[in-house]
Structure formats: C-alpha cells, structure tokens
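Asker: Hey, dropping final36.txt in here, compact mmCIF, C-alpha atoms and all ligand atoms:
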# COMPACT_ATOMS: atom_id res chain seq x y z
CA MET A 141 21.00 23.99 19.80
CA PRO A 142 17.63 23.74 17.97
CA ARG A 143 14.69 23.59 20.32
CA SER A 144 12.79 20.27 20.43
CA PRO A 145 9.08 20.65 19.79
CA GLU A 146 6.56 20.21 22.56
CA ILE A 147 4.55 17.01 22.04
CA VAL A 148 0.91 17.19 23.07
CA GLN A 149 -2.01 14.79 22.73
CA PHE A 150 -3.92 15.18 19.47
CA GLY A 151 -7.54 16.23 19.85
CA ALA A 152 -10.35 17.53 17.67
CA GLU A 153 -9.01 21.06 18.25
CA HIS A 154 -5.94 20.11 16.18
CA LEU A 155 -7.85 18.95 13.10
CA ASP A 156 -7.58 22.23 11.20
CA ALA A 157 -3.86 22.53 11.87
CA ALA A 158 -3.23 18.91 10.88
CA ALA A 159 -5.20 19.38 7.67
CA GLU A 160 -2.98 22.38 6.83
CA LEU A 161 0.13 20.24 7.47
CA LEU A 162 -1.12 17.42 5.25
CA ALA A 163 -2.01 19.87 2.47
CA ALA A 164 1.48 21.40 2.73
CA ARG A 165 3.01 17.92 2.39
CA GLN A 166 0.88 17.28 -0.71
CA ARG A 167 2.17 20.53 -2.25
CA ARG A 168 5.76 19.44 -1.54
CA LEU A 169 5.22 15.90 -2.89
CA ARG A 170 3.50 17.15 -6.04
CA GLN A 171 6.61 19.10 -6.95
CA ARG A 172 8.23 15.67 -7.44
CA ARG A 173 5.10 13.68 -8.31
CA PRO A 174 2.72 15.97 -10.24
CA GLU A 175 0.48 12.96 -10.99
CA LEU A 176 -0.69 12.93 -7.34
CA PRO A 177 -4.10 14.56 -6.95
CA ALA A 178 -4.05 18.35 -6.62
CA ALA A 179 -7.26 18.38 -4.55
CA TYR A 180 -5.30 17.41 -1.42
CA GLU A 181 -3.16 20.53 -1.70
CA HIS A 182 -6.10 22.12 0.09
CA ALA A 183 -6.80 21.61 3.78
CA ALA A 184 -10.52 21.26 3.08
CA ALA A 185 -9.90 17.95 1.25
CA CYS A 186 -7.44 16.70 3.89
CA ARG A 187 -9.50 17.43 6.99
CA PRO A 188 -12.13 14.66 6.51
CA LEU A 189 -9.36 12.05 6.12
CA ILE A 190 -7.79 13.03 9.42
CA ALA A 191 -11.16 13.40 11.16
CA ALA A 192 -12.09 9.86 10.03
CA LEU A 193 -8.85 8.55 11.51
CA LEU A 194 -9.47 10.31 14.80
CA GLU A 195 -12.94 8.75 14.97
CA LYS A 196 -11.62 5.19 14.71
CA GLY A 197 -12.00 3.10 17.86
CA GLY A 198 -8.96 3.49 20.10
CA ALA A 199 -7.41 6.21 17.92
CA HIS A 200 -4.46 8.01 19.43
CA GLY A 201 -2.43 10.89 18.11
CA VAL A 202 0.17 13.46 19.04
CA MET A 203 0.89 16.96 17.79
CA ALA A 204 4.29 18.69 17.74
CA LEU A 205 4.31 22.41 18.52
CA HIS A 206 6.95 25.12 18.44
CA GLY A 207 5.19 27.52 20.80
CA SER A 208 1.79 27.77 19.18
CA ARG A 209 3.11 26.87 15.69
CA PRO A 210 2.16 23.33 14.52
CA ALA A 211 5.27 21.41 13.45
CA GLY A 212 3.78 18.00 12.74
CA TYR A 213 1.37 15.29 13.82
CA LEU A 214 1.20 11.50 14.06
CA LEU A 215 -2.16 9.78 14.38
CA GLY A 216 -3.16 6.10 14.28
CA TYR A 217 -5.36 3.39 15.65
CA PRO A 218 -5.24 -0.20 16.93
CA ARG A 219 -5.85 -2.94 14.36
CA PRO A 220 -6.04 -6.28 16.15
CA GLU A 221 -6.58 -8.80 13.34
CA PRO A 222 -5.43 -12.43 13.33
CA ILE A 223 -2.97 -11.86 10.51
CA TRP A 224 -1.45 -8.67 11.98
CA GLY A 225 -1.47 -9.55 15.66
CA ARG A 226 -2.12 -6.82 18.19
CA ALA A 227 -0.98 -4.02 15.93
CA CYS A 228 -1.28 -0.25 15.64
CA TRP A 229 -1.35 1.57 12.32
CA SER A 230 -0.85 5.06 11.07
CA PRO A 231 -1.78 5.30 7.37
CA ILE A 232 -0.14 7.71 4.92
CA GLU A 233 -2.55 10.51 5.90
CA GLY A 234 -1.76 9.80 9.56
CA SER A 235 1.38 11.92 9.71
CA ALA A 236 2.88 15.08 8.20
CA LEU A 237 5.52 17.63 9.10
CA ALA A 238 5.45 21.36 8.38
CA ASP A 239 7.44 22.88 5.51
CA GLY A 240 11.11 23.05 6.50
CA GLU A 241 10.59 21.09 9.73
CA ASP A 242 13.55 18.97 10.86
CA PRO A 243 12.71 15.29 10.06
CA GLU A 244 13.94 14.49 13.60
CA THR A 245 10.55 15.79 14.74
CA ILE A 246 8.91 12.59 13.48
CA ARG A 247 11.06 10.74 16.03
CA ASP A 248 9.83 12.99 18.83
CA LEU A 249 6.28 12.41 17.63
CA TYR A 250 6.79 8.65 17.43
CA ALA A 251 8.22 8.56 20.97
CA GLY A 252 5.02 10.10 22.30
CA TRP A 253 2.67 8.15 20.04
CA SER A 254 4.26 4.74 20.53
CA GLU A 255 4.38 5.07 24.30
CA HIS A 256 0.60 4.92 24.36
CA PHE A 257 0.46 1.86 22.11
CA VAL A 258 3.27 0.00 23.87
CA ARG A 259 1.51 0.58 27.16
CA THR A 260 -1.60 -1.04 25.69
CA GLY A 261 0.33 -4.02 24.28
CA HIS A 262 0.52 -2.95 20.62
CA TYR A 263 4.10 -4.00 19.94
CA ARG A 264 3.64 -4.42 16.17
CA GLN A 265 3.62 -0.97 14.71
CA TYR A 266 3.00 0.20 11.15
CA VAL A 267 3.56 3.66 9.71
CA HIS A 268 3.77 5.00 6.15
CA ALA A 269 6.22 7.32 4.42
CA SER A 270 6.95 8.47 0.89
CA PRO A 271 10.25 7.72 -0.89
CA ASP A 272 9.91 11.25 -2.27
CA ASP A 273 10.52 12.40 1.31
CA PRO A 274 13.86 10.57 1.74
CA GLU A 275 14.96 12.36 4.92
CA LEU A 276 11.69 11.50 6.63
CA THR A 277 12.01 7.86 5.53
CA ALA A 278 15.58 7.86 6.87
CA ALA A 279 14.31 9.17 10.20
CA TRP A 280 11.90 6.22 10.45
CA VAL A 281 14.71 3.78 9.57
CA LEU A 282 16.89 5.41 12.20
CA THR A 283 14.16 4.58 14.70
CA GLY A 284 14.03 0.87 13.89
CA PHE A 285 11.48 0.70 11.07
CA GLY A 286 11.97 -1.36 7.92
CA GLN A 287 10.17 -1.33 4.58
CA MET A 288 7.39 -3.87 4.22
CA GLN A 289 4.89 -2.98 1.50
CA ALA A 290 5.18 -0.70 -1.53
CA TYR A 291 2.19 1.30 -2.80
CA ALA A 292 2.85 2.37 -6.36
CA ILE A 293 1.28 3.90 -9.43
CA ARG A 294 1.97 4.10 -13.13
CA ASP A 295 0.28 5.68 -16.12
CA LEU A 296 -1.69 3.58 -18.57
CA ASP A 297 0.65 3.95 -21.51
CA LEU A 298 2.01 0.40 -21.65
CA SER A 299 2.72 -1.73 -24.70
CA ALA A 300 3.41 -5.41 -25.39
CA ALA A 301 4.08 -7.64 -28.34
CA GLU A 302 0.99 -9.30 -29.87
CA PRO A 303 0.07 -12.23 -27.56
CA ALA A 304 1.63 -15.38 -29.02
CA GLY A 305 0.13 -18.74 -28.11
CA PHE A 306 -2.45 -17.41 -25.66
CA GLY A 307 -5.61 -15.32 -25.64
CA VAL A 308 -6.70 -12.55 -23.27
CA ARG A 309 -10.33 -12.01 -22.25
CA ARG A 310 -12.55 -11.09 -19.31
CA ALA A 311 -13.01 -13.87 -16.74
CA VAL A 312 -16.57 -14.83 -15.72
CA LEU A 313 -18.12 -17.06 -13.05
CA ASP A 314 -18.06 -20.11 -15.34
CA ASP A 315 -14.24 -19.87 -15.34
CA ILE A 316 -13.97 -20.73 -11.64
CA GLU A 317 -12.96 -24.33 -12.46
CA ILE A 318 -10.04 -23.41 -14.68
CA LEU A 319 -9.00 -20.55 -12.37
CA GLU A 320 -8.63 -22.80 -9.31
CA PRO A 321 -4.91 -23.59 -9.78
CA LEU A 322 -4.18 -19.84 -9.80
CA LEU A 323 -6.01 -19.00 -6.58
CA PRO A 324 -3.39 -19.95 -3.94
CA LEU A 325 -0.42 -18.52 -5.86
CA ILE A 326 -0.27 -15.15 -4.08
CA ALA A 327 -0.42 -16.78 -0.65
CA HIS A 328 2.32 -19.21 -1.69
CA ALA A 329 4.51 -16.43 -3.15
CA LEU A 330 4.17 -14.35 0.02
CA MET A 331 5.33 -17.21 2.24
CA ARG A 332 8.51 -17.91 0.27
CA PRO A 333 11.89 -16.68 1.53
CA PRO A 334 12.82 -13.90 2.02
CA ALA A 335 9.25 -12.53 2.35
CA TYR A 336 7.97 -15.03 4.98
CA ALA A 337 4.59 -13.26 5.02
CA ILE A 338 2.09 -15.71 6.43
CA SER A 339 -1.28 -16.74 5.10
CA PHE A 340 -3.33 -19.13 7.21
CA PRO A 341 -3.23 -22.56 5.50
CA GLU A 342 -6.78 -23.31 6.66
CA GLU A 343 -8.04 -20.32 4.65
CA ILE A 344 -6.66 -21.55 1.32
CA PRO A 345 -9.49 -24.10 0.76
CA THR A 346 -12.00 -21.21 1.16
CA PHE A 347 -10.53 -19.28 -1.78
CA ARG A 348 -12.70 -21.02 -4.39
CA ASP A 349 -15.97 -19.88 -2.77
CA SER A 350 -14.78 -16.33 -2.17
CA TRP A 351 -13.50 -16.12 -5.76
CA ALA A 352 -16.83 -17.37 -7.09
CA GLU A 353 -18.38 -14.32 -5.36
CA GLU A 354 -15.60 -12.04 -6.54
CA LEU A 355 -16.13 -13.04 -10.18
CA GLU A 356 -19.68 -11.70 -9.91
CA GLU A 357 -18.75 -8.51 -8.06
CA PRO A 358 -20.18 -5.67 -10.21
CA GLY A 359 -17.26 -3.29 -9.57
CA ALA A 360 -14.57 -5.87 -10.39
CA ARG A 361 -12.85 -6.36 -13.74
CA HIS A 362 -11.06 -9.71 -14.04
CA PHE A 363 -8.79 -10.39 -17.03
CA LEU A 364 -7.67 -13.88 -17.92
CA ALA A 365 -4.89 -15.25 -20.14
CA GLU A 366 -5.66 -18.73 -21.43
CA ARG A 367 -4.33 -21.38 -23.76
CA ASP A 368 -6.39 -24.36 -24.93
CA GLY A 369 -8.96 -23.82 -22.18
CA ARG A 370 -6.30 -23.61 -19.43
CA ALA A 371 -6.00 -20.45 -17.30
CA LEU A 372 -2.39 -19.25 -17.33
CA ALA A 373 -2.66 -15.90 -15.58
CA MET A 374 -5.22 -13.51 -14.15
CA ALA A 375 -5.30 -9.83 -13.14
CA SER A 376 -8.18 -8.22 -11.25
CA PHE A 377 -8.95 -4.52 -11.11
CA TYR A 378 -11.28 -2.32 -9.06
CA ASP A 379 -11.84 1.42 -8.75
CA ALA A 380 -9.09 2.69 -6.47
CA GLU A 381 -10.04 4.20 -3.13
CA PRO A 382 -9.46 7.99 -3.46
CA GLY A 383 -6.67 9.50 -1.36
CA PRO A 384 -3.67 11.80 -1.49
CA MET A 385 -1.48 9.14 -3.14
CA VAL A 386 -4.02 8.03 -5.75
CA PRO A 387 -4.52 9.91 -9.02
CA GLN A 388 -8.19 10.71 -9.46
CA GLY A 389 -10.20 7.91 -11.09
CA ALA A 390 -7.29 5.45 -10.95
CA TRP A 391 -7.84 1.72 -11.29
CA GLU A 392 -6.45 -0.54 -8.60
CA LEU A 393 -4.69 -3.74 -9.63
CA ALA A 394 -5.64 -5.80 -6.57
CA VAL A 395 -4.83 -9.36 -7.61
CA ALA A 396 -2.36 -10.77 -10.14
CA MET A 397 -1.04 -14.26 -10.64
CA THR A 398 0.67 -16.31 -13.32
CA LEU A 399 1.23 -20.08 -13.16
CA PRO A 400 4.83 -20.63 -11.97
CA GLU A 401 5.87 -22.43 -15.17
CA GLU A 402 4.50 -19.59 -17.33
CA ARG A 403 6.20 -16.68 -15.56
CA GLY A 404 8.58 -14.29 -17.27
CA ARG A 405 6.93 -14.84 -20.68
CA GLY A 406 5.00 -11.59 -20.85
CA LEU A 407 1.58 -12.85 -19.72
CA MET A 408 1.11 -10.25 -17.01
CA ARG A 409 2.32 -7.49 -19.30
CA ALA A 410 -0.25 -8.61 -21.89
CA LEU A 411 -3.05 -8.61 -19.28
CA LEU A 412 -2.10 -5.13 -18.09
CA VAL A 413 -1.99 -3.78 -21.64
CA THR A 414 -5.54 -5.05 -22.30
CA ALA A 415 -6.84 -3.79 -18.94
CA PHE A 416 -5.10 -0.41 -19.25
CA ALA A 417 -6.71 0.16 -22.67
CA GLU A 418 -10.12 -0.39 -21.06
CA ALA A 419 -9.18 1.82 -18.10
CA ARG A 420 -8.20 4.63 -20.49
CA ARG A 421 -11.52 4.31 -22.31
CA SER A 422 -13.31 4.67 -18.95
CA GLY A 423 -11.45 7.95 -18.31
CA ALA A 424 -8.71 6.72 -15.94
CA THR A 425 -5.12 7.93 -16.32
CA HIS A 426 -3.31 5.74 -13.78
CA CYS A 427 -3.25 2.34 -12.12
CA GLU A 428 -2.18 1.69 -8.54
CA THR A 429 -1.02 -1.52 -6.92
CA ASP A 430 0.86 -2.67 -3.83
CA TRP A 431 3.16 -5.52 -2.93
CA ARG A 432 5.52 -6.97 -0.32
CA THR A 433 8.94 -5.57 -1.13
CA ALA A 434 10.58 -8.76 0.23
CA ALA A 435 8.67 -10.94 -2.29
CA LEU A 436 11.47 -10.90 -4.85
CA PRO A 437 9.80 -11.99 -8.14
CA THR A 438 6.80 -9.81 -7.32
CA HIS A 439 8.88 -6.75 -6.48
CA ARG A 440 11.00 -7.23 -9.58
CA SER A 441 8.00 -7.76 -11.86
CA TRP A 442 6.09 -4.66 -10.76
CA THR A 443 9.23 -2.56 -10.88
CA ALA A 444 9.99 -3.87 -14.40
CA LEU A 445 6.41 -3.09 -15.38
CA GLY A 446 6.96 0.54 -14.44
CA PHE A 447 5.12 0.88 -11.12
CA ARG A 448 6.80 3.60 -9.07
CA PRO A 449 6.20 3.69 -5.31
CA THR A 450 4.31 6.63 -3.85
CA HIS A 451 4.73 5.38 -0.29
CA TYR A 452 5.85 2.46 1.80
CA ARG A 453 4.33 0.75 4.78
CA MET A 454 7.09 0.54 7.37
CA HIS A 455 7.11 -1.94 10.19
CA ARG A 456 8.63 -2.19 13.64
CA HIS A 457 8.14 -5.04 16.08
CA ILE A 458 9.06 -3.92 19.57
CA ASP A 459 10.46 -6.48 22.02
CA GLU A 460 7.52 -7.40 24.27
CA ARG A 461 9.86 -7.83 27.26
CA ILE A 462 9.90 -4.06 27.58
CA ALA A 463 6.59 -4.56 29.43
CA TRP A 464 8.45 -5.82 32.50
CA ALA A 465 12.03 -4.70 31.88
CA ALA A 466 11.62 -0.91 31.83
CA PRO A 467 11.81 0.89 35.19
CA ARG A 468 8.42 2.17 36.25
C1 LIG B 501 4.12 -11.06 -10.28
C2 LIG B 501 3.69 -12.00 -11.41
C3 LIG B 501 2.17 -11.88 -11.53
C4 LIG B 501 4.35 -11.55 -12.73
O1 LIG B 501 3.77 -12.30 -13.78
P1 LIG B 501 4.58 -12.69 -15.13
O2 LIG B 501 3.57 -13.27 -16.06
O3 LIG B 501 5.76 -13.52 -14.80
O4 LIG B 501 5.03 -11.26 -15.66
P2 LIG B 501 5.66 -10.94 -17.09
O5 LIG B 501 6.23 -12.19 -17.70
O6 LIG B 501 4.64 -10.19 -17.88
O7 LIG B 501 6.87 -10.02 -16.70
C5 LIG B 501 6.68 -8.67 -16.43
C6 LIG B 501 8.05 -8.01 -16.28
O8 LIG B 501 8.62 -8.43 -15.05
C7 LIG B 501 9.91 -9.00 -15.28
N1 LIG B 501 10.02 -10.15 -14.38
C8 LIG B 501 9.11 -11.14 -14.19
N2 LIG B 501 9.58 -12.01 -13.27
C9 LIG B 501 10.77 -11.54 -12.88
C10 LIG B 501 11.76 -12.00 -11.95
N3 LIG B 501 11.58 -13.13 -11.25
N4 LIG B 501 12.88 -11.27 -11.79
C11 LIG B 501 13.09 -10.14 -12.50
N5 LIG B 501 12.19 -9.64 -13.40
C12 LIG B 501 11.06 -10.35 -13.59
C13 LIG B 501 9.89 -9.48 -16.70
O9 LIG B 501 11.19 -9.50 -17.25
C14 LIG B 501 9.02 -8.43 -17.35
O10 LIG B 501 9.77 -7.28 -17.71
P3 LIG B 501 9.62 -6.71 -19.22
O11 LIG B 501 8.14 -6.74 -19.50
O12 LIG B 501 10.20 -5.36 -19.13
O13 LIG B 501 10.37 -7.69 -20.06
C15 LIG B 501 4.12 -13.47 -11.12
O14 LIG B 501 5.48 -13.48 -10.74
C16 LIG B 501 3.33 -14.15 -10.03
O15 LIG B 501 2.26 -14.73 -10.26
N6 LIG B 501 3.83 -14.11 -8.78
C17 LIG B 501 3.18 -14.78 -7.66
C18 LIG B 501 1.90 -14.10 -7.25
C19 LIG B 501 2.14 -12.66 -6.86
O16 LIG B 501 3.03 -12.35 -6.10
N7 LIG B 501 1.28 -11.76 -7.39
C20 LIG B 501 1.36 -10.36 -7.11
C21 LIG B 501 0.61 -10.06 -5.89
S1 LIG B 501 0.85 -8.40 -5.40
Starting from the file, give its structure as structure tokens.
Ligand SMILES: CC(C)(COP(=O)(O)OP(=O)(O)OC[C@H]1O[C@@H](n2cnc3c(N)ncnc32)[C@H](O)[C@@H]1OP(=O)(O)O)[C@@H](O)C(=O)NCCC(=O)NCCS
Answerer:
Amino acid sequence: MPRSPEIVQFGAEHLDAAAELLAARQRRLRQRRPELPAAYEHAAACRPLIAALLEKGGAHGVMALHGSRPAGYLLGYPRPEPIWGRACWSPIEGSALADGEDPETIRDLYAGWSEHFVRTGHYRQYVHASPDDPELTAAWVLTGFGQMQAYAIRDLDLSAAEPAGFGVRRAVLDDIEILEPLLPLIAHALMRPPAYAISFPEEIPTFRDSWAEELEEPGARHFLAERDGRALAMASFYDAEPGPMVPQGAWELAVAMTLPEERGRGLMRALLVTAFAEARRSGATHCETDWRTAALPTHRSWTALGFRPTHYRMHRHIDERIAWAAPR
C-alpha cells in the first residue's frame, strides 16, 4: 500500500520547496501549453508569488512530505467580500504537486487545509486547477468541487469578414450616453439560468459613474461597435497581470457585451479582430479572458472565438451544519 504523505503546516521555511514544486508544474504544463511563460519554470520566479500569498492576512497553508521530500503544497487566504460571502481562496499558484506525485495527495492536502478554514467559518471554498492536469482536476471533483470560472488564452491571429452595417472605433468619455444600455448586460447575463451568479441590483445604477471613470483610465483600451450613432457592442482591454498562466505581455479582455438583439452577428469577433491587431502592434502575442462556465451564451461564444482554458476556478460550498454536527 502506498504511504500517505505527512501533512504539516506551511511556513516561511517551506517557501523554497514550494517554489521548486510550482516551477516543476510549470515545466510539466508547458509540455502541453508551450505558450505559457517559460520564466516560471524557474523557482526564482515562482517564489515571490508564493511568498506574497503567505503574507496575505489570515493566510493558511499545508505542505505534504514523504519523509523530508516535498510532495506538494496548498496555500490560500480568507476573502470575505459581500459577493463571495465568508470565503477562502487558493489561486492557481496556491497549489502544486511534485513530478509523479499521486493526485490523491491533493485530497490529503485539502483535508488539512480546509479543516482550518471550516473551523473559522469559511464554508465557501475556491481552488484552481488546470485542465491540462486532468487527474488533478478529477481529484478535486472527487472531493466535491465543481467548475465555476474558466481562465483562458488565445493567440492574436483572428480574422473576420469586413464589418457590414456597423463601424468599429475606440470608445471615449463622450460615448457614455450611448454606452449606457450596454452597461448592465454582463450582470444580467450572469444572473440568468443556469449560471445564477448574483450581482447586487442596487449596484447597477452606479455603473454609469464607474464607467465614466473607466473610459478615462489611461491603461484601458475600449473598442466600440456602432451603427447610426447607437452603441451595439463594446470590448475593453487592459494589460494582463503577469503570472504562470499568462503569456508575457498579454492583453486582458476584461469586459465584453453586445446588445441582446445584435448577438450572433459577428460584432464581438469584429471588435476582437480590431483590438488584436492593435495588441500585436504593441508587441503582445496573446489575449486572456475569463468567464462563468455556466453562463451558456458566454461560454459558447468564447469557446467559438478560440479561447482555450488554462485553468478553472473550482468551488465547493460546505454544509454549515457541520459546525455543530461533527463530534468534537
Ligand atoms: C459573449 C457576447 C459578448 C458575444 O457577443 P456576440 O456579438 O454575440 O459574438 P459574435 O456574434 O461575434 O459571435 C462570436 C462567436 O460565438 C458564437 N456564438 C455567439 N453566441 C452564441 C451562442 N449563444 N451559442 C453558441 N455560439 C454562439 C458565434 O457563432 C461566433 O462563432 P463564429 O465567429 O465562429 O461564427 C454576448 O453574448 C454578450 O454580450 N453576452 C452577455 C454579456 C457577457 O456575458 N459578456 C462576457 C462577459 S465575460
């Protein structure tokens, strides 16, 4: 019978070992996804990511050891925000297993890690895993986690027919009036079945003011499709946050919306083609985006547009009654 690893609390003394584990995972993933950044194949690039996680308020982690040999780690932090509830998160850099390690080890790690967060009332739990690590993903599913959000990338080589009946240009502050009908569309799409992802209704009237600021944000690039002075669709891009799943210099597609009656006519494809040409000129090679996998038109659109997931956020909501039901 294979020996289960020993699970110990993660501390600063484990940072070097965890960085080596994360770098090893990046080497494995890059065999399947060579577009992922090579820099994170080296522990020196991984260590600051893990150290930053450990420094977050309330951070908690566990390390799996076979004797003195590191087999894996799982590290995360509490994120109590109104929209998420009293939640704990482990981002994609928050876990990795050693080369050849049995994926079951992630379940041993999760048992130790989650115990701490359940004890402190964090019943909503979020972890991340790559579809290019299917056995690891299966181990999370086996433990009660389901897919929630896809994080995906694609190259910038996209084409579309010449826009017919609409024009594409950059959006500016003066467009706020015509953009207004587009602003609640993401919130509305997220709330539809079977996604049921809430947005607070009282926040929707604040969108206009926050978008007026966003349109002036120096790092933002907003592209607009219009016909006869009417905004039909918009896509907004920013520089992507660097990380192991983000090709260097990638653009992030953060916001995208098309009027419901104009969907499926190629507007978003046309916006992406224009934006991608500009991204290429600025030296980027890829674009990243993310979406709720249960938002059906959204999932199907991004998949049709060639975005391929690098990792998924996975979610488990533990029954709160465990607080009083479990024997002490
Ligand atoms: C996602 C969204 C922006 C797509 O915009 P769109 O203008 O309809 O996209 P396009 O017409 O350019 O279609 C793009 C591709 O997706 C496919 N597609 C679009 N809607 C689809 C659907 N409901 N089912 C299956 N495929 C669909 C199209 O066939 C097209 O594929 P092709 O280019 O290979 O022919 C739009 O559905 C939307 O505004 N949704 C609500 C807001 C939202 O969820 N935004 C994303 C936030 S992450």
Asker: Taking into account all atoms listed in the file, which residue in the set A:Ile316, A:Ala179, A:Leu161, A:Met331 is nearest to ligand LIG 501 (chain B)?
Answerer: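 Using all atoms listed in the file, the shortest distance to ligand LIG 501 (chain B) belongs to A:Met331.
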Asker: Kindly assemble as a Markdown table a list of the chain A residues that lie within 9 Å of ligand LIG 501 (chain B), each paired with its nearest atom pair and their distance in Å to one decimal, using all atoms listed in the file, sorted first by chain and then by ascending residue number.
Answerer:
| residue | atom | partner | partner_atom | distance |
| --- | --- | --- | --- | --- |
| A:Ala300 | CA | B:LIG501 | O11 | 7.7 |
| A:Leu322 | CA | B:LIG501 | O15 | 8.2 |
| A:Pro324 | CA | B:LIG501 | C18 | 8.6 |
| A:Leu325 | CA | B:LIG501 | C18 | 5.2 |
| A:Ile326 | CA | B:LIG501 | C18 | 4.0 |
| A:Ala327 | CA | B:LIG501 | C18 | 7.5 |
| A:His328 | CA | B:LIG501 | C17 | 7.5 |
| A:Ala329 | CA | B:LIG501 | C17 | 5.0 |
| A:Leu330 | CA | B:LIG501 | O16 | 6.5 |
| A:Leu372 | CA | B:LIG501 | O2 | 8.5 |
| A:Ala373 | CA | B:LIG501 | O2 | 6.8 |
| A:Met374 | CA | B:LIG501 | C3 | 8.0 |
| A:Ala375 | CA | B:LIG501 | C3 | 7.9 |
| A:Leu393 | CA | B:LIG501 | S1 | 8.4 |
| A:Ala394 | CA | B:LIG501 | S1 | 7.1 |
| A:Val395 | CA | B:LIG501 | C21 | 5.7 |
| A:Ala396 | CA | B:LIG501 | N7 | 4.7 |
| A:Met397 | CA | B:LIG501 | O15 | 3.4 |
| A:Thr398 | CA | B:LIG501 | O15 | 3.8 |
| A:Leu399 | CA | B:LIG501 | O15 | 6.2 |
| A:Pro400 | CA | B:LIG501 | O15 | 6.7 |
| A:Glu401 | CA | B:LIG501 | O3 | 8.9 |
| A:Glu402 | CA | B:LIG501 | O2 | 6.5 |
| A:Arg403 | CA | B:LIG501 | O3 | 3.3 |
| A:Gly404 | CA | B:LIG501 | O5 | 3.2 |
| A:Arg405 | CA | B:LIG501 | O5 | 4.0 |
| A:Gly406 | CA | B:LIG501 | O6 | 3.3 |
| A:Leu407 | CA | B:LIG501 | O2 | 4.2 |
| A:Met408 | CA | B:LIG501 | O6 | 3.6 |
| A:Arg409 | CA | B:LIG501 | O6 | 3.8 |
| A:Ala410 | CA | B:LIG501 | O6 | 6.5 |
| A:Leu411 | CA | B:LIG501 | O6 | 8.0 |
| A:Leu412 | CA | B:LIG501 | O6 | 8.4 |
| A:Thr429 | CA | B:LIG501 | S1 | 7.3 |
| A:Asp430 | CA | B:LIG501 | S1 | 5.9 |
| A:Trp431 | CA | B:LIG501 | S1 | 4.4 |
| A:Arg432 | CA | B:LIG501 | S1 | 7.0 |
| A:Ala435 | CA | B:LIG501 | O16 | 7.0 |
| A:Leu436 | CA | B:LIG501 | N3 | 6.8 |
| A:Pro437 | CA | B:LIG501 | N3 | 3.8 |
| A:Thr438 | CA | B:LIG501 | C1 | 4.2 |
| A:His439 | CA | B:LIG501 | C1 | 7.5 |
| A:Arg440 | CA | B:LIG501 | C11 | 4.6 |
| A:Ser441 | CA | B:LIG501 | O8 | 3.3 |
| A:Trp442 | CA | B:LIG501 | O8 | 6.2 |
| A:Thr443 | CA | B:LIG501 | O8 | 7.2 |
| A:Ala444 | CA | B:LIG501 | O10 | 4.8 |
| A:Leu445 | CA | B:LIG501 | C6 | 5.3 |
| A:Gly446 | CA | B:LIG501 | O12 | 8.2 |
Asker: Using all atoms listed in the file, which residue out of A:Leu313, A:Ser254, A:Ala466, A:Asp242 lies closest to A:Ala278?
Answerer: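 Using all atoms listed in the file, A:Ala278 sits closest to A:Asp242.
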Asker: For A:Tyr217, work out the shell of residues within 9 Å, counting only C-alpha atoms and skipping chain neighbours fewer than 3 positions away, then give it as a list in words.
Answerer: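 So the residues in contact are Leu193, Leu194, Lys196, Gly197, Gly198, Ala199, His200, Gly201, Ala227, Cys228, Trp229, Ser230 and Phe257 of chain A.
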Asker: Taking only C-alpha atoms into account, which of A:Gly369, A:Gly252, A:Pro218, A:Gly212 comes nearest A:Ala236?
Answerer: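 Checking each candidate against A:Ala236, we get A:Gly212 as the closest.
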Asker: Please, what distance in Å, to one decimal, runs between atom CA of A:Glu255 and atom CA of A:Trp464?
Answerer: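 Those two atoms sit 14.2 Å apart.
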Asker: Kindly give the distance, in Å, that separates atom CA of A:Ile462 and atom CA of A:Glu244, rounded to a single decimal.
Answerer: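 These atoms are spaced 23.6 Å apart.
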Asker: Please identify all polymer residues within 12 Å of A:Arg420, counting only C-alpha atoms, omitting same-chain residues fewer than 2 positions from it, and present them as a list in words.
Answerer: Asp295, Leu296, Asp297, Leu298, Gly389, Ala390, Trp391, Leu412, Val413, Thr414, Ala415, Phe416, Ala417, Glu418, Ser422, Gly423, Ala424, Thr425, His426 and Cys427 of chain A
Asker: Can you work out which one of A:Arg294, A:His154, A:Arg168, A:Arg348 has the shortest atom-to-atom distance to A:Glu320, counting all atoms listed in the file?
Answerer: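 Nearest candidate to A:Glu320 out of A:Arg294, A:His154, A:Arg168, A:Arg348: A:Arg348.
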Asker: Would you kindly return, as a ChimeraX atom specification, each protein, DNA or RNA residue with an atom no farther than 12 Å from any atom of A:Leu189, considering only C-alpha atoms and excluding same-chain residues fewer than 6 positions away?
Answerer: /A:155-156,158-159,162-163,180,183,195-196,215-216,231-235,382-384
Asker: Report, in Å to a single decimal, how far apart atom CA of A:Glu181 and atom CA of A:Gln166 are.
Answerer: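 We find that atom CA of A:Gln166 and atom CA of A:Glu181 lie 5.3 Å from each other.
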Asker: So, with only C-alpha atoms as the atoms that count, which of A:Thr260, A:Ser144, A:Ser208, A:Ser339 lies closest to A:Ala463?
Answerer: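 Residue with the minimum atom-to-atom distance to A:Ala463: A:Thr260.
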Asker: Quick one: stretch 176-187 of chain A from the block, N, CA and C atoms, as a JSON list (two decimals), in the first residue's frame.
Answerer:
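Done, and the output landed in result29.json:
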[["chain", "number", "residue", "atom", "x", "y", "z"],
["A", 176, "LEU", "N", 2.58, 29.14, -22.44],
["A", 176, "LEU", "CA", 2.69, 29.65, -21.06],
["A", 176, "LEU", "C", 4.11, 30.15, -20.83],
["A", 177, "PRO", "N", 4.28, 31.15, -19.96],
["A", 177, "PRO", "CA", 5.60, 31.78, -19.84],
["A", 177, "PRO", "C", 6.67, 30.83, -19.26],
["A", 178, "ALA", "N", 7.82, 30.82, -19.93],
["A", 178, "ALA", "CA", 8.92, 29.94, -19.53],
["A", 178, "ALA", "C", 9.56, 30.42, -18.23],
["A", 179, "ALA", "N", 9.43, 31.72, -17.93],
["A", 179, "ALA", "CA", 10.12, 32.26, -16.74],
["A", 179, "ALA", "C", 9.77, 31.47, -15.49],
["A", 180, "TYR", "N", 8.50, 31.01, -15.40],
["A", 180, "TYR", "CA", 8.05, 30.32, -14.18],
["A", 180, "TYR", "C", 8.46, 28.85, -14.14],
["A", 181, "GLU", "N", 9.30, 28.46, -15.09],
["A", 181, "GLU", "CA", 9.92, 27.12, -14.97],
["A", 181, "GLU", "C", 11.04, 27.17, -13.94],
["A", 182, "HIS", "N", 11.33, 28.39, -13.47],
["A", 182, "HIS", "CA", 12.43, 28.55, -12.51],
["A", 182, "HIS", "C", 11.88, 28.98, -11.16],
["A", 183, "ALA", "N", 12.38, 28.33, -10.12],
["A", 183, "ALA", "CA", 11.86, 28.59, -8.77],
["A", 183, "ALA", "C", 12.01, 30.06, -8.39],
["A", 184, "ALA", "N", 13.04, 30.72, -8.92],
["A", 184, "ALA", "CA", 13.27, 32.12, -8.54],
["A", 184, "ALA", "C", 12.08, 33.00, -8.93],
["A", 185, "ALA", "N", 11.41, 32.68, -10.05],
["A", 185, "ALA", "CA", 10.25, 33.48, -10.47],
["A", 185, "ALA", "C", 9.00, 33.08, -9.68],
["A", 186, "CYS", "N", 8.95, 31.84, -9.22],
["A", 186, "CYS", "CA", 7.75, 31.34, -8.51],
["A", 186, "CYS", "C", 7.73, 31.78, -7.05],
["A", 187, "ARG", "N", 8.90, 31.88, -6.45],
["A", 187, "ARG", "CA", 8.97, 32.13, -5.00],
["A", 187, "ARG", "C", 8.23, 33.39, -4.57]]
